[in-house]
Amino acid sequence: MSRRGRAEEKNAKSDPIYRNRLVNMVVNRILKHGKKSLAYKILYRALKKIQKKTDKNPLSVLRQAIRRVTPNIAVKARRASGSTKQVPIAIGSTQGKVLAIRWLLGASRKRPGRNMAFKLSSELVDATKGKGEAIRKREETHRMAEANRALAHVR
């Protein structure tokens, strides 16, 4: 805990082509071994594939996919009376968005397919339709929180 006051909140920068902060957040999560240009290529190729598949604005598809996958509630492990319990907690919008991006990228990495751009585009399109691994993960998280609702007072 800092004694000097609160740290100011950092805002994400926007990406060079779409001028969008959300795109930059996704690129920073794709990033591996510091190769940001490769991460940009992967995402831009995925957005082009989405444009061809759906004939919609790829940014709106990305936004809708993230909105669909974003959880409202999650479970957190808390130690209470000598045992660890899964306690449901509400999630803020920023943290929910971060979780949604992480789940989307994790699900697209697990997919069988040719390259990451193809797998990411397929996962984003599936998420907008309300299916796919990332949506399943969100529903599973909500189910766990609902099952442990009796422990909400442990917080």
# chains A, B, ... in the order shown; residues from 1 in each chain; ligands from 1
call {"tool": "residues_around", "arguments": {"residues": "A:Leu104", "least_positions_apart": "3", "cutoff": "7 Å", "atoms": "only C-alpha atoms", "output": "list in words"}}
result
Ala100, Ile101, Ala107, Ser108, Glu123 and Ala134 of chain A
call {"tool": "write_last_selection", "arguments": {"atoms": "N, CA and C atoms", "output": "mmCIF file, in the first residue's frame"}}
result
data_model
loop_
_atom_site.group_PDB
_atom_site.id
_atom_site.type_symbol
_atom_site.label_atom_id
_atom_site.label_comp_id
_atom_site.auth_asym_id
_atom_site.auth_seq_id
_atom_site.Cartn_x
_atom_site.Cartn_y
_atom_site.Cartn_z
ATOM 1 N N ALA A 100 -12.728 -11.007 -20.567
ATOM 2 C CA ALA A 100 -13.325 -11.415 -21.842
ATOM 3 C C ALA A 100 -12.254 -11.547 -22.917
ATOM 4 N N ILE A 101 -11.345 -10.583 -22.992
ATOM 5 C CA ILE A 101 -10.266 -10.640 -23.987
ATOM 6 C C ILE A 101 -9.386 -11.860 -23.730
ATOM 7 N N ALA A 107 -9.352 -19.261 -25.915
ATOM 8 C CA ALA A 107 -10.191 -20.182 -26.684
ATOM 9 C C ALA A 107 -9.715 -20.279 -28.128
ATOM 10 N N SER A 108 -9.286 -19.153 -28.701
ATOM 11 C CA SER A 108 -8.831 -19.194 -30.093
ATOM 12 C C SER A 108 -7.479 -19.902 -30.206
ATOM 13 N N GLU A 123 -13.302 -17.559 -33.710
ATOM 14 C CA GLU A 123 -13.771 -17.453 -32.316
ATOM 15 C C GLU A 123 -14.579 -16.178 -32.101
ATOM 16 N N ALA A 134 -15.316 -19.447 -25.537
ATOM 17 C CA ALA A 134 -15.275 -18.296 -24.626
ATOM 18 C C ALA A 134 -16.647 -18.061 -23.987
#
call {"tool": "residues_around", "arguments": {"residues": "A:Met25", "least_positions_apart": "3", "cutoff": "9 Å", "atoms": "only C-alpha atoms", "output": "mmCIF file with N, CA and C atoms, in the first residue's frame"}}
result
data_model
loop_
_atom_site.group_PDB
_atom_site.id
_atom_site.type_symbol
_atom_site.label_atom_id
_atom_site.label_comp_id
_atom_site.auth_asym_id
_atom_site.auth_seq_id
_atom_site.Cartn_x
_atom_site.Cartn_y
_atom_site.Cartn_z
ATOM 1 N N ALA A 12 -5.419 3.201 -21.972
ATOM 2 C CA ALA A 12 -4.781 2.470 -23.062
ATOM 3 C C ALA A 12 -4.655 3.375 -24.283
ATOM 4 N N LYS A 13 -3.551 3.239 -24.979
ATOM 5 C CA LYS A 13 -3.359 4.010 -26.210
ATOM 6 C C LYS A 13 -4.187 3.367 -27.319
ATOM 7 N N SER A 14 -4.403 4.134 -28.395
ATOM 8 C CA SER A 14 -5.167 3.583 -29.508
ATOM 9 C C SER A 14 -4.219 3.054 -30.587
ATOM 10 N N ASP A 15 -4.728 2.130 -31.395
ATOM 11 C CA ASP A 15 -3.866 1.521 -32.409
ATOM 12 C C ASP A 15 -3.755 2.419 -33.644
ATOM 13 N N ARG A 21 -9.022 1.964 -28.845
ATOM 14 C CA ARG A 21 -8.315 1.481 -27.653
ATOM 15 C C ARG A 21 -8.534 -0.006 -27.431
ATOM 16 N N LEU A 22 -9.724 -0.469 -27.774
ATOM 17 C CA LEU A 22 -10.050 -1.877 -27.583
ATOM 18 C C LEU A 22 -9.150 -2.763 -28.443
ATOM 19 N N ASN A 28 -2.218 -6.113 -27.190
ATOM 20 C CA ASN A 28 -1.314 -6.285 -26.052
ATOM 21 C C ASN A 28 -1.493 -7.633 -25.375
ATOM 22 N N ARG A 29 -2.678 -8.239 -25.491
ATOM 23 C CA ARG A 29 -2.890 -9.563 -24.928
ATOM 24 C C ARG A 29 -2.419 -10.665 -25.879
ATOM 25 N N ILE A 30 -2.435 -10.406 -27.188
ATOM 26 C CA ILE A 30 -1.923 -11.383 -28.162
ATOM 27 C C ILE A 30 -0.404 -11.465 -28.048
ATOM 28 N N VAL A 98 -11.199 -7.176 -19.557
ATOM 29 C CA VAL A 98 -9.895 -7.847 -19.551
ATOM 30 C C VAL A 98 -10.083 -9.361 -19.537
ATOM 31 N N ILE A 101 -11.345 -10.583 -22.992
ATOM 32 C CA ILE A 101 -10.266 -10.640 -23.987
ATOM 33 C C ILE A 101 -9.386 -11.860 -23.730
#
call {"tool": "residues_around", "arguments": {"residues": "stretch 117-120 of chain A", "least_positions_apart": "5", "cutoff": "6 Å", "atoms": "only C-alpha atoms", "output": "PyMOL selection string"}}
result
chain A and resi 42+45-46+108
call {"tool": "select_by_dssp", "arguments": {"residues": "stretch 1-154 of chain A", "states": "helix (DSSP H, G or I)", "output": "ChimeraX atom specification"}}
result
/A:21-30,36-54,58-69,93-110,116-129,133-147,149-154
call {"tool": "atom_distance", "arguments": {"atom1": "atom CA of A:Asn24", "atom2": "atom CA of A:Gln51"}}
result
18.6 Å
call {"tool": "atom_distance", "arguments": {"atom1": "atom CA of A:Pro58", "atom2": "atom CA of A:Gly34"}}
result
25.4 Å
call {"tool": "atom_distance", "arguments": {"atom1": "atom CA of A:Gln64", "atom2": "atom CA of A:Gly92"}}
result
17.7 Å
call {"tool": "closest_residue", "arguments": {"among": "A:Val75, A:Ala7, A:Leu62, A:Ala39", "to": "A:Glu140", "atoms": "only C-alpha atoms"}}
result
A:Val75
call {"tool": "select_by_dssp", "arguments": {"residues": "chain A", "states": "strand (DSSP E)", "output": "number ranges by chain"}}
result
A: 73-80, 83-90
